Number of protein chains: 2
Amino acid sequence: MTELRLIPPEEFERAGDDLGLLADMCRANALVAVKRAGSGHLGSSFSALDIVVHLLWRELNVAELGWEHPDRDVFFSSKGHDVPGLYAALNALGVIPTERLLRLRRLGGLDGHPDVGVPGIEANSGSLGMGLSKGRGMAWAKRHLGRGGVVVVMTGDGELQEGQNWEAFASAAHQGVGNLWAIVDRNELQSDRPTEEILGLGDLEAKLRAFGCHVEVADGHDHDALAAAFAAMRAARDHVPKVLVANTIKGRGVSFMEHPIALREGGGTYRWHAGAPDDESFTRAHDELVERIRQRLPEVKLEPVPPLDERVSLEGEPESGAGMRRAAVSDEYVAAAYGEELLRLVEEHPELVVLDADLASDCRVRGIELEQPSRFIEVGIAEQDMVSMAAGLARQGLLPVVNSFASFLASRANEQIYNQASERTKVVYALHYAGLIPAGPGKSHQSVRDISLLGALPNVTIVQPTNAEETRALLRWAVEDADESVAVRLAIGPSPRRVELDSAPVFGRGTTLREGDGPTLLAYGPVMVHEALVAAETLALRGVQLRVVAMPWLNRFDTEWIAEEIGTLEEVFVLEDHAPVGGLADGLRRALDTHTRVTAFGVEGWPACGTPPEALRAHELDGVSLAVRIERALAVAVET
Amino acid sequence: MTELRLIPPEEFERAGDDLGLLADMCRANALVAVKRAGSGHLGSSFSALDIVVHLLWRELNVAELGWEHPDRDVFFSSKGHDVPGLYAALNALGVIPTERLLRLRRLGGLDGHPDVGVPGIEANSGSLGMGLSKGRGMAWAKRHLGRGGVVVVMTGDGELQEGQNWEAFASAAHQGVGNLWAIVDRNELQSDRPTEEILGLGDLEAKLRAFGCHVEVADGHDHDALAAAFAAMRAARDHVPKVLVANTIKGRGVSFMEHPIALREGGGTYRWHAGAPDDESFTRAHDELVERIRQRLPEVKLEPVPPLDERVSLEGEPESGAGMRRAAVSDEYVAAAYGEELLRLVEEHPELVVLDADLASDCRVRGIELEQPSRFIEVGIAEQDMVSMAAGLARQGLLPVVNSFASFLASRANEQIYNQASERTKVVYALHYAGLIPAGPGKSHQSVRDISLLGALPNVTIVQPTNAEETRALLRWAVEDADESVAVRLAIGPSPRRVELDSAPVFGRGTTLREGDGPTLLAYGPVMVHEALVAAETLALRGVQLRVVAMPWLNRFDTEWIAEEIGTLEEVFVLEDHAPVGGLADGLRRALDTHTRVTAFGVEGWPACGTPPEALRAHELDGVSLAVRIERALAVAVET
């Protein structure tokens with residue numbers, strides 16, 4: 001295991017106002033934090049860091065006034081995945097203690113995406129495109145309340161594909177919110193491909209000016225140029241929103257992570273957007289940074305930190321965190337099976353077209369883009385546009401398969417899905433990264449509401465497969481047999497265990513994985529079915545034989561099966577990879593309409609950020625906690 | 001009652017290719033259809049009609065090839081409220097039978113907003129901003145399938161405030177979808193105010209060109225200019241999306257409905273956006289149109305149509321339909337009470353700010369805009385931007401009250417609401433026009449999913465008041481006492497009856513409106529509580545004493561009250577102004593966790609379009625149907 005060493009805060013004071021040096025020092029510490037966490041976003045943390053440092057150390061008053069002062073300048077990043085860099089800067093400024101920086105993406109540590117519960121974090125972000133509107137609200141309020149300070153929102157360039165940004169620019173200009181500054185981190189790469197390939201921004205300056213903004217352009221790594229740009233923004237007309245297009249280099253500071261070199265080495269895909277580098281890459285990167293730091297701060301001190309907690313790489317955690325791009329493909333892997341089967345279906349069904357919103361690798365549809373380019377549609381980071389475009393494709397007789405993370409697709413494009421479904425066409429919605437796990441990225445990415453968000457649609461079936469075979473079978477069923485639109489929830493991480501299902505899925509019916517004369521527990525998806533089996537194994541040790549049923553159908557049930565298998569029971573337990581509201585248990589209660597008591601164990605409150613075991617335990621959804629909760633429930637039932 | 005007379009289809013043939021004449025003839029018939037329906041959108045139907053007629057009679061091949069032909073040109077309007085004009089044109093072309101045109105906004109007739117179930121309608125619209133994405137999907141599919149024809153999507157100018165349009169333009173340019181035409185009906189007015197006042201579009205041509213479109217500009221009422229513009233679009237480069245900015249006059253064709261005269265006469269607000277004109281205005285408008293038609297078609301024949309069905313003005317239907325602007329303010333009126341109380345609260349609470357997305361009159365916040373302008377924020381038609389801006393305001397310590405229709409706010413801005421709630425700030429969401437009624441506008445406006453869309457948020461209370469007093473009390477509670485964000489569902493139409501609640505609302509508790517030793521029925525909101533009381537009155541005639549409970553708390557319950565008042569019952573009935581999934585009944589089943597059987601009567605399937613009685617009966621949610629359903633359920637319960 002590589003030894004990890006951090007530059008302590010006091011060393012940053014010695015760096016004085018050498019902003020370039022400070023940025024590199026932050027890069028070195030962000031790199032360590034991400035390596036230790038096992039995941040995180042280095043590429044855009046590095047492209048943004050010169051700007052972040054310039055703002056916090058020189059341009060803004062917040063470090064001086066403190067993060068509670070009403071007149072402080074407010075800074076936050078709308079592309080919240082670049083927060084490791086900001087965490088490193090806040091640690092250097094003494095706002096975030098080092099112990100907490102060392103708990104990046106860990107329970108009680110620092111969320112994988114910004115959360116206002118962390119000192120120095122001004123806004124929750126992580127899902128793209130909301131920041132400018134939110135920043136405008138803060139800026140409007142400052143003016144209304146007679147408070148000083150500007151509000152500075154950093155956005156990505158790919159992020160500008162989200163239409164909400166253009167709503168926000170137009171309103172900022174119309175409302176004359178001149179104390180709002182936007183900084184576009186123009187690093188020219190999205191999750192792993194050039195912006196110009198995914199969805200070109202064209203003449204960005206012209207767009208911004210047409211939308212009524214004062215626009216400056218500068219090299220985002222040249223501190224003199226940044227100083228001049230900010231001065232010009234302060235000098236610009238009071239009631240005009242300001243935008244700085246900062247030309248940056250993704251991966252800046254580590255030669256082999258820098259665009260365009262890194263893109264070439266990656267054969268056209270950028271490898272350093274998400275995920276922690278392997279030991280060798282980490283060492284090369286860290287050595288290079290420290291070497292350059294030493295040229296300007298010869299005696300820089302590095303303090304060793306405790307080794308990586310082994311639990312980070314436990315069950316369910318994808319090898320490369322939020323990006324998950326390099327997660328091992330195995331036949332226990334739902335996501336991999338989805339990608340393989342979808343490619344097969346595309347080859348078999350000429351009417352099938354696949355849509356993506358800049359998550360092609362994560363959603364495992366890159367293979368379709370490469371092998372069936374004429375059947376692959378990339379819309380950029382614009383989920384609403386993707387869904388309505390799919391509706392149009394369907395109206396022409398094609399069968400679109402729409403891909404994004406469940407948290408974005410079911411939520412942001414919800415009204416567009418309603419509109420499509422109301423046309424009685426058929427679309428398959430692939431809801432990737434559904435559920436609590438992985439829990440490292442935090443609540444913006446964890447989808448524990450999607451069943452509730454689609455459940456009231458009259459003609460959408462919601463399913464979640466438990467293993468690779470079932471993934472293939474349910475996807476094929478959705479494409480070939482389903483007579484209405486289908487939402488397929490998919491776990492994105494590796495399967496905790498290989499779950500054997502001895503039969504193919506039958507519409508509306510569950511599969512008993514473990515017989516037992518004790519209570520019955522229904523679960524869905526590889527993560528929760530695994531925990532259900534652990535609960536059964538635990539209870540078996542205490543003489544209770546828990547019956548475990550995998551139930552892939554979340555809102556459609558076979559009446560006969562329900563009546564015989566569930567309706568005959570006095571009590572049934574449901575393990576939700578979802579909030580307790582709007583999930584499978586609610587559906588069963590509606591379907592049963594009998595006196596069977598349905599007790600749900602779901603994700604209560606906000607989904608916890610941490611490793612899979614941490615998050616599962618925090619919600620008492622791990623197998624052992626479940627065993628205890630089931631025993632407790634049975635005891636209560638006996639008493640009553 | 002004014003006599004209504006339609007110009008029959010054969011008369012349109014006599015008009016030959018006099019497009020201006022044909023447009024006026026369509027205006028006359030659209031006016032009659034809207035008058036007969038009791039609601040509808042004349043202003044933008046009239047501004048768009050020259051373009052619609054020019055497209056269908058001259059420019060496009062669809063009338064010739066038919067609406068099923070794969071190579072047909074596709075035309076639809078993204079601002080679907082202008083569909084009465086299109087219906088009149090489709091009737092003239094023999095696509096829609098006259099009997100059906102005479103059933104605008106009636107069950108089994110023509111939906112208030114476009115639905116593909118109607119001949120000649122290519123896409124569902126009504127909620128703004130989705131059309132360009134959908135049209136691009138159709139255009140992409142045509143190219144992919146080797147089909148001929150262009151796809152022409154009309155949008156409003158105010159509609160361009162929705163960010164999804166800019167996602168769509170950017171993608172159309174990037175994907176080179178040159179067979180997509182957008183036509184902006186640039187009538188310069190939104191629901192009732194100038195676009196430049198609500199959220200100015202600035203240099204629209206510059207924006208469109210910056211987004212990569214080929215742009216033409218023409219007088220939208222000059223058919224030679226339109227012909228030249230379309231010719232230029234056909235001549236433009238193949239792979240560039242085309243946009244025609246058509247300068248039009250809202251209300252065109254009827255002098256006193258035309259902008260700017262109408263705006264001046266309305267004292268700054270435009271009265272003819274939504275709603276049917278009164279008899280006198282109707283007669284003046286129709287006479288003026290017929291007079292001008294006669295100048296070019298002297299012997300034009302007009303056929304009288306059956307008088308207006310009286311049921312149109314029955315319970316629950318706002319006097320002026322979807323616009324509801326001139327609905328009588330009475331103390332039984334939830335919407336009016338909301339506006340009055342909110343103004344009072346704004347005066348009492350300096351931290352309160354009110355946000356609107358171009359529905360100020362419908363949402364009854366116009367008074368705040370006029371009397372407390374510094375506390376009123378207009379964001380234009382951009383619900384996502386509105387919610388995220390509110391989140392920013394809340395982070396600065398203000399208390400935002402966010403207003404829009406429930407169908408748009410809870411759905412389109414869902415992820416933004418999740419993000420705001422995750423910051424643990426407090427925002428009040430006013431979900432106007434919640435539920436099935438009014439049913440004239442159709443499914444794009446009827447909100448029967450909003451409880452399910454917000455129910456899984458950990459910290460949002462959802463309530464719906466039943467009468468004016470309770471509206472004031474619950475709004476005041478939300479502002480002054482609630483410790484989390486609150487979503488207030490509001491009925492927008494007049495209350496069917498005055499419901500007396502002898503006590504102020506108590507958190508989590510319902511109020512028994514009618515005692516009875518028979519079964520218990522819970523309901524919420526003025527429309528459904530009224531139907532519940534009708535059901536009780538009906539059952540009383542048959543000796544069954546139904547107990548009716550008004551339950552304003554939809555996802556928060558007082559445990560003690562539930563245990564005593566509901567948990568002691570063997571069976572409870574719930575009347576949902578919502579889908580049966582995700583509403584009050586699901587919440588009660590979770591809360592009860594006992595053997596009380598909860599039977600829900602909700603809006604099954606897609607909400608029916610029609611008059612309130614028609615829609616309620618179609619879903620068997622009217623009082624009499626409910627009485628029958630309750631008796632049936634009891635009989636079954638006895639048997640089992």
# chains A, B, ... in the order shown; residues from 1 in each chain; ligands from 1
$ residues_around --residues "stretch 604-617 of chain A" --least-positions-apart "5" --cutoff "7 Å" --atoms "only C-alpha atoms" --output "PyMOL selection string"
(chain A and resi 105-107+111+312+315-317+436-443+446+579-580+622) or (chain B and resi 458)
$ select_by_dssp --residues "stretch 85-246 of chain B" --states "alpha helix (DSSP H)" --output "short mmCIF file (atom, residue, chain, number, x, y, z; two decimals) with N, CA, C and O atoms, in the first residue's frame"
data_model
loop_
_atom_site.label_atom_id
_atom_site.label_comp_id
_atom_site.auth_asym_id
_atom_site.auth_seq_id
_atom_site.Cartn_x
_atom_site.Cartn_y
_atom_site.Cartn_z
N GLY B 85 -57.40 27.01 -32.78
CA GLY B 85 -57.19 27.44 -34.17
C GLY B 85 -56.86 26.28 -35.07
O GLY B 85 -57.38 26.15 -36.19
N LEU B 86 -56.00 25.38 -34.59
CA LEU B 86 -55.63 24.20 -35.39
C LEU B 86 -56.84 23.28 -35.56
O LEU B 86 -57.07 22.74 -36.65
N TYR B 87 -57.63 23.12 -34.51
CA TYR B 87 -58.84 22.29 -34.62
C TYR B 87 -59.75 22.84 -35.72
O TYR B 87 -60.29 22.10 -36.54
N ALA B 88 -59.92 24.17 -35.72
CA ALA B 88 -60.78 24.77 -36.75
C ALA B 88 -60.23 24.49 -38.14
O ALA B 88 -60.98 24.15 -39.07
N ALA B 89 -58.90 24.58 -38.28
CA ALA B 89 -58.28 24.31 -39.59
C ALA B 89 -58.46 22.84 -39.97
O ALA B 89 -58.80 22.51 -41.11
N LEU B 90 -58.27 21.94 -39.01
CA LEU B 90 -58.41 20.51 -39.29
C LEU B 90 -59.86 20.16 -39.62
O LEU B 90 -60.14 19.30 -40.44
N ASN B 91 -60.79 20.88 -39.01
CA ASN B 91 -62.20 20.68 -39.33
C ASN B 91 -62.47 21.13 -40.77
O ASN B 91 -63.13 20.43 -41.55
N ALA B 92 -61.90 22.27 -41.13
CA ALA B 92 -62.09 22.80 -42.49
C ALA B 92 -61.52 21.84 -43.53
O ALA B 92 -62.05 21.71 -44.62
N THR B 98 -67.28 18.00 -37.59
CA THR B 98 -67.85 19.17 -36.92
C THR B 98 -68.45 18.83 -35.56
O THR B 98 -68.29 19.57 -34.60
N GLU B 99 -69.08 17.66 -35.45
CA GLU B 99 -69.66 17.26 -34.16
C GLU B 99 -68.59 17.28 -33.07
O GLU B 99 -68.85 17.66 -31.92
N ARG B 100 -67.37 16.88 -33.48
CA ARG B 100 -66.31 16.82 -32.48
C ARG B 100 -65.77 18.22 -32.17
O ARG B 100 -65.46 18.52 -31.01
N LEU B 101 -65.70 19.09 -33.20
CA LEU B 101 -65.26 20.46 -32.96
C LEU B 101 -66.20 21.13 -31.96
O LEU B 101 -65.80 21.97 -31.15
N GLY B 131 -41.57 20.89 -27.11
CA GLY B 131 -41.84 20.63 -28.53
C GLY B 131 -40.63 20.52 -29.43
O GLY B 131 -40.58 19.64 -30.30
N LEU B 132 -39.66 21.38 -29.25
CA LEU B 132 -38.50 21.36 -30.14
C LEU B 132 -37.70 20.07 -29.98
O LEU B 132 -37.22 19.51 -30.96
N SER B 133 -37.57 19.60 -28.74
CA SER B 133 -36.86 18.33 -28.53
C SER B 133 -37.61 17.19 -29.20
O SER B 133 -37.04 16.34 -29.87
N LYS B 134 -38.93 17.21 -29.02
CA LYS B 134 -39.74 16.14 -29.58
C LYS B 134 -39.71 16.19 -31.11
O LYS B 134 -39.54 15.17 -31.77
N GLY B 135 -39.83 17.41 -31.64
CA GLY B 135 -39.77 17.57 -33.09
C GLY B 135 -38.43 17.10 -33.64
O GLY B 135 -38.35 16.50 -34.72
N ARG B 136 -37.36 17.37 -32.89
CA ARG B 136 -36.05 16.94 -33.34
C ARG B 136 -35.97 15.42 -33.38
O ARG B 136 -35.39 14.83 -34.28
N GLY B 137 -36.62 14.77 -32.38
CA GLY B 137 -36.67 13.31 -32.40
C GLY B 137 -37.38 12.80 -33.65
O GLY B 137 -36.92 11.86 -34.32
N MET B 138 -38.50 13.45 -34.00
CA MET B 138 -39.23 13.03 -35.20
C MET B 138 -38.37 13.26 -36.45
O MET B 138 -38.30 12.40 -37.33
N ALA B 139 -37.71 14.41 -36.48
CA ALA B 139 -36.90 14.74 -37.66
C ALA B 139 -35.71 13.79 -37.79
O ALA B 139 -35.38 13.32 -38.87
N TRP B 140 -35.09 13.47 -36.64
CA TRP B 140 -33.96 12.53 -36.66
C TRP B 140 -34.44 11.18 -37.16
O TRP B 140 -33.80 10.56 -38.01
N ALA B 141 -35.60 10.75 -36.68
CA ALA B 141 -36.15 9.45 -37.07
C ALA B 141 -36.48 9.43 -38.57
O ALA B 141 -36.19 8.45 -39.26
N LYS B 142 -37.04 10.50 -39.07
CA LYS B 142 -37.35 10.57 -40.51
C LYS B 142 -36.09 10.35 -41.34
O LYS B 142 -36.07 9.56 -42.28
N ARG B 143 -35.04 11.03 -40.94
CA ARG B 143 -33.78 10.90 -41.66
C ARG B 143 -33.25 9.47 -41.53
O ARG B 143 -32.88 8.84 -42.51
N HIS B 144 -33.30 8.95 -40.31
CA HIS B 144 -32.78 7.61 -40.03
C HIS B 144 -33.55 6.55 -40.82
O HIS B 144 -32.99 5.58 -41.30
N GLN B 164 -35.31 24.12 -21.74
CA GLN B 164 -35.26 22.94 -22.61
C GLN B 164 -35.19 23.33 -24.09
O GLN B 164 -34.57 22.62 -24.89
N ASN B 165 -35.77 24.48 -24.43
CA ASN B 165 -35.69 24.93 -25.83
C ASN B 165 -34.24 25.11 -26.26
O ASN B 165 -33.87 24.79 -27.39
N TRP B 166 -33.41 25.61 -25.35
CA TRP B 166 -32.01 25.90 -25.71
C TRP B 166 -31.19 24.63 -25.72
O TRP B 166 -30.23 24.50 -26.47
N GLU B 167 -31.60 23.65 -24.92
CA GLU B 167 -30.99 22.32 -25.04
C GLU B 167 -31.28 21.80 -26.45
O GLU B 167 -30.40 21.26 -27.13
N ALA B 168 -32.52 21.97 -26.87
CA ALA B 168 -32.96 21.42 -28.15
C ALA B 168 -32.30 22.12 -29.33
O ALA B 168 -31.85 21.47 -30.28
N PHE B 169 -32.22 23.45 -29.29
CA PHE B 169 -31.57 24.18 -30.38
C PHE B 169 -30.11 23.76 -30.51
O PHE B 169 -29.62 23.48 -31.60
N ALA B 170 -29.42 23.68 -29.34
CA ALA B 170 -28.00 23.33 -29.38
C ALA B 170 -27.80 21.94 -29.98
O ALA B 170 -26.93 21.72 -30.82
N SER B 171 -28.65 21.00 -29.56
CA SER B 171 -28.54 19.63 -30.09
C SER B 171 -28.91 19.55 -31.56
O SER B 171 -28.28 18.83 -32.33
N ALA B 172 -29.92 20.29 -31.95
CA ALA B 172 -30.34 20.27 -33.37
C ALA B 172 -29.18 20.74 -34.25
O ALA B 172 -28.90 20.14 -35.30
N ALA B 173 -28.48 21.77 -33.80
CA ALA B 173 -27.34 22.27 -34.58
C ALA B 173 -26.20 21.26 -34.56
O ALA B 173 -25.65 20.92 -35.59
N HIS B 174 -25.90 20.74 -33.35
CA HIS B 174 -24.79 19.80 -33.23
C HIS B 174 -25.05 18.51 -34.02
O HIS B 174 -24.15 17.97 -34.67
N GLN B 175 -26.29 18.04 -33.95
CA GLN B 175 -26.64 16.79 -34.64
C GLN B 175 -26.96 17.01 -36.12
O GLN B 175 -27.22 16.07 -36.86
N THR B 195 -43.89 40.11 -23.05
CA THR B 195 -42.70 39.29 -22.81
C THR B 195 -41.55 40.16 -22.30
O THR B 195 -40.82 39.75 -21.39
N GLU B 196 -41.43 41.35 -22.83
CA GLU B 196 -40.32 42.22 -22.40
C GLU B 196 -40.44 42.59 -20.92
O GLU B 196 -39.44 42.87 -20.28
N GLU B 197 -41.69 42.59 -20.39
CA GLU B 197 -41.86 42.89 -18.96
C GLU B 197 -41.58 41.65 -18.11
O GLU B 197 -40.95 41.72 -17.06
N ILE B 198 -42.06 40.51 -18.57
CA ILE B 198 -41.93 39.26 -17.78
C ILE B 198 -40.48 38.81 -17.76
O ILE B 198 -39.86 38.64 -16.70
N LEU B 199 -39.91 38.60 -18.93
CA LEU B 199 -38.49 38.22 -19.03
C LEU B 199 -38.11 38.44 -20.49
O LEU B 199 -38.37 37.60 -21.34
N LEU B 204 -33.31 38.14 -29.91
CA LEU B 204 -33.66 36.74 -30.15
C LEU B 204 -32.92 36.16 -31.36
O LEU B 204 -32.40 35.05 -31.31
N GLU B 205 -32.86 36.96 -32.43
CA GLU B 205 -32.16 36.45 -33.62
C GLU B 205 -30.71 36.13 -33.31
O GLU B 205 -30.18 35.09 -33.71
N ALA B 206 -30.07 37.02 -32.56
CA ALA B 206 -28.66 36.79 -32.22
C ALA B 206 -28.52 35.51 -31.39
O ALA B 206 -27.60 34.71 -31.60
N LYS B 207 -29.45 35.30 -30.46
CA LYS B 207 -29.39 34.08 -29.64
C LYS B 207 -29.53 32.84 -30.52
O LYS B 207 -28.75 31.89 -30.42
N LEU B 208 -30.51 32.87 -31.42
CA LEU B 208 -30.76 31.71 -32.27
C LEU B 208 -29.57 31.44 -33.18
O LEU B 208 -29.17 30.28 -33.37
N ARG B 209 -28.99 32.50 -33.71
CA ARG B 209 -27.82 32.31 -34.60
C ARG B 209 -26.63 31.79 -33.79
O ARG B 209 -25.92 30.89 -34.23
N ALA B 210 -26.47 32.33 -32.57
CA ALA B 210 -25.36 31.87 -31.74
C ALA B 210 -25.53 30.39 -31.40
O ALA B 210 -24.56 29.67 -31.21
N HIS B 223 -48.76 36.67 -46.11
CA HIS B 223 -48.54 35.36 -46.75
C HIS B 223 -47.46 35.38 -47.81
O HIS B 223 -46.79 34.36 -48.03
N ASP B 224 -47.24 36.51 -48.45
CA ASP B 224 -46.12 36.58 -49.39
C ASP B 224 -44.81 36.51 -48.62
O ASP B 224 -43.88 35.80 -49.01
N ALA B 225 -44.75 37.23 -47.50
CA ALA B 225 -43.53 37.22 -46.68
C ALA B 225 -43.29 35.82 -46.11
O ALA B 225 -42.15 35.33 -46.10
N LEU B 226 -44.36 35.14 -45.70
CA LEU B 226 -44.22 33.78 -45.18
C LEU B 226 -43.71 32.85 -46.28
O LEU B 226 -42.80 32.05 -46.08
N ALA B 227 -44.27 32.99 -47.48
CA ALA B 227 -43.85 32.14 -48.61
C ALA B 227 -42.36 32.33 -48.88
O ALA B 227 -41.61 31.36 -49.07
N ALA B 228 -41.93 33.59 -48.87
CA ALA B 228 -40.51 33.89 -49.14
C ALA B 228 -39.63 33.30 -48.03
O ALA B 228 -38.58 32.70 -48.31
N ALA B 229 -40.09 33.41 -46.79
CA ALA B 229 -39.29 32.89 -45.66
C ALA B 229 -39.16 31.37 -45.75
O ALA B 229 -38.07 30.81 -45.62
N PHE B 230 -40.27 30.70 -46.04
CA PHE B 230 -40.21 29.23 -46.14
C PHE B 230 -39.34 28.81 -47.33
O PHE B 230 -38.59 27.82 -47.24
N ALA B 231 -39.40 29.56 -48.41
CA ALA B 231 -38.55 29.25 -49.57
C ALA B 231 -37.09 29.37 -49.17
O ALA B 231 -36.26 28.52 -49.51
N ALA B 232 -36.77 30.41 -48.42
CA ALA B 232 -35.39 30.62 -47.98
C ALA B 232 -34.96 29.48 -47.05
O ALA B 232 -33.80 29.03 -47.09
N MET B 233 -35.89 29.01 -46.22
CA MET B 233 -35.55 27.91 -45.31
C MET B 233 -35.27 26.64 -46.10
O MET B 233 -34.34 25.90 -45.81
N ARG B 234 -36.05 26.41 -47.14
CA ARG B 234 -35.82 25.21 -47.97
C ARG B 234 -34.49 25.33 -48.72
O ARG B 234 -33.82 24.32 -48.97
N ALA B 235 -34.12 26.56 -49.02
CA ALA B 235 -32.87 26.77 -49.78
C ALA B 235 -31.64 26.75 -48.87
O ALA B 235 -30.52 26.61 -49.34
#
$ closest_residue --among "B:Ser444, B:Thr461, B:Ser625, B:Ser452" --to "B:Ala536" --atoms "only C-alpha atoms"
B:Ser625
$ residues_around --residues "B:Tyr270" --least-positions-apart "5" --cutoff "9 Å" --atoms "only C-alpha atoms" --output "JSON, numbers by chain"
{"B": [43, 189, 190, 191, 192, 193, 194, 257, 259, 260, 262, 263, 264, 265]}
$ closest_residue --among "B:Ala473, B:Cys213, B:Leu201, B:Cys363" --to "B:Gly176" --atoms "only C-alpha atoms"
B:Cys213
$ residues_around --residues "B:Val527" --least-positions-apart "5" --cutoff "12 Å" --atoms "only C-alpha atoms" --output "PyMOL selection string"
chain B and resi 315-317+332-334+433-439+464-467+490-499+532-534+550+575-578+612-613+615-616+621-623
$ closest_residue --among "A:Glu564, A:Glu280, A:Glu383, A:Asp50" --to "chain B" --atoms "only C-alpha atoms"
A:Glu383
$ residues_around --residues "B:Asn555" --least-positions-apart "6" --cutoff "9 Å" --atoms "only C-alpha atoms" --output "PyMOL selection string"
chain B and resi 451+455+460-463+508+583-584+587-588
$ write_last_selection --atoms "N, CA, C and O atoms" --output "mmCIF file, in the first residue's frame"
data_model
loop_
_atom_site.group_PDB
_atom_site.id
_atom_site.type_symbol
_atom_site.label_atom_id
_atom_site.label_comp_id
_atom_site.auth_asym_id
_atom_site.auth_seq_id
_atom_site.Cartn_x
_atom_site.Cartn_y
_atom_site.Cartn_z
ATOM 1 N N ILE B 451 -48.602 14.623 -5.191
ATOM 2 C CA ILE B 451 -48.325 14.098 -3.837
ATOM 3 C C ILE B 451 -47.265 13.010 -3.945
ATOM 4 O O ILE B 451 -46.298 12.978 -3.179
ATOM 5 N N GLY B 455 -43.762 13.128 -2.079
ATOM 6 C CA GLY B 455 -43.957 12.327 -0.870
ATOM 7 C C GLY B 455 -42.704 11.677 -0.307
ATOM 8 O O GLY B 455 -42.619 11.464 0.902
ATOM 9 N N VAL B 460 -40.550 17.508 3.629
ATOM 10 C CA VAL B 460 -41.552 18.372 3.011
ATOM 11 C C VAL B 460 -42.945 17.905 3.447
ATOM 12 O O VAL B 460 -43.303 16.746 3.250
ATOM 13 N N THR B 461 -43.681 18.801 4.091
ATOM 14 C CA THR B 461 -45.060 18.507 4.480
ATOM 15 C C THR B 461 -45.985 18.899 3.337
ATOM 16 O O THR B 461 -45.807 19.953 2.727
ATOM 17 N N ILE B 462 -46.955 18.036 3.045
ATOM 18 C CA ILE B 462 -47.900 18.306 1.961
ATOM 19 C C ILE B 462 -49.295 18.453 2.548
ATOM 20 O O ILE B 462 -49.759 17.585 3.294
ATOM 21 N N VAL B 463 -49.935 19.581 2.246
ATOM 22 C CA VAL B 463 -51.285 19.830 2.766
ATOM 23 C C VAL B 463 -52.200 20.303 1.650
ATOM 24 O O VAL B 463 -51.729 20.813 0.626
ATOM 25 N N GLY B 508 -51.733 17.246 11.601
ATOM 26 C CA GLY B 508 -51.867 15.802 11.459
ATOM 27 C C GLY B 508 -53.238 15.232 11.723
ATOM 28 O O GLY B 508 -53.417 14.011 11.721
ATOM 29 N N GLY B 583 -50.840 8.723 -2.964
ATOM 30 C CA GLY B 583 -51.660 9.752 -2.333
ATOM 31 C C GLY B 583 -51.845 9.538 -0.843
ATOM 32 O O GLY B 583 -51.023 8.889 -0.179
ATOM 33 N N LEU B 584 -52.953 10.067 -0.333
ATOM 34 C CA LEU B 584 -53.236 9.985 1.109
ATOM 35 C C LEU B 584 -53.402 8.542 1.578
ATOM 36 O O LEU B 584 -52.903 8.167 2.642
ATOM 37 N N GLY B 587 -50.231 6.852 2.365
ATOM 38 C CA GLY B 587 -49.669 7.387 3.602
ATOM 39 C C GLY B 587 -50.360 6.813 4.826
ATOM 40 O O GLY B 587 -49.710 6.460 5.816
ATOM 41 N N LEU B 588 -51.671 6.699 4.752
ATOM 42 C CA LEU B 588 -52.425 6.144 5.883
ATOM 43 C C LEU B 588 -52.050 4.681 6.102
ATOM 44 O O LEU B 588 -51.856 4.253 7.230
#
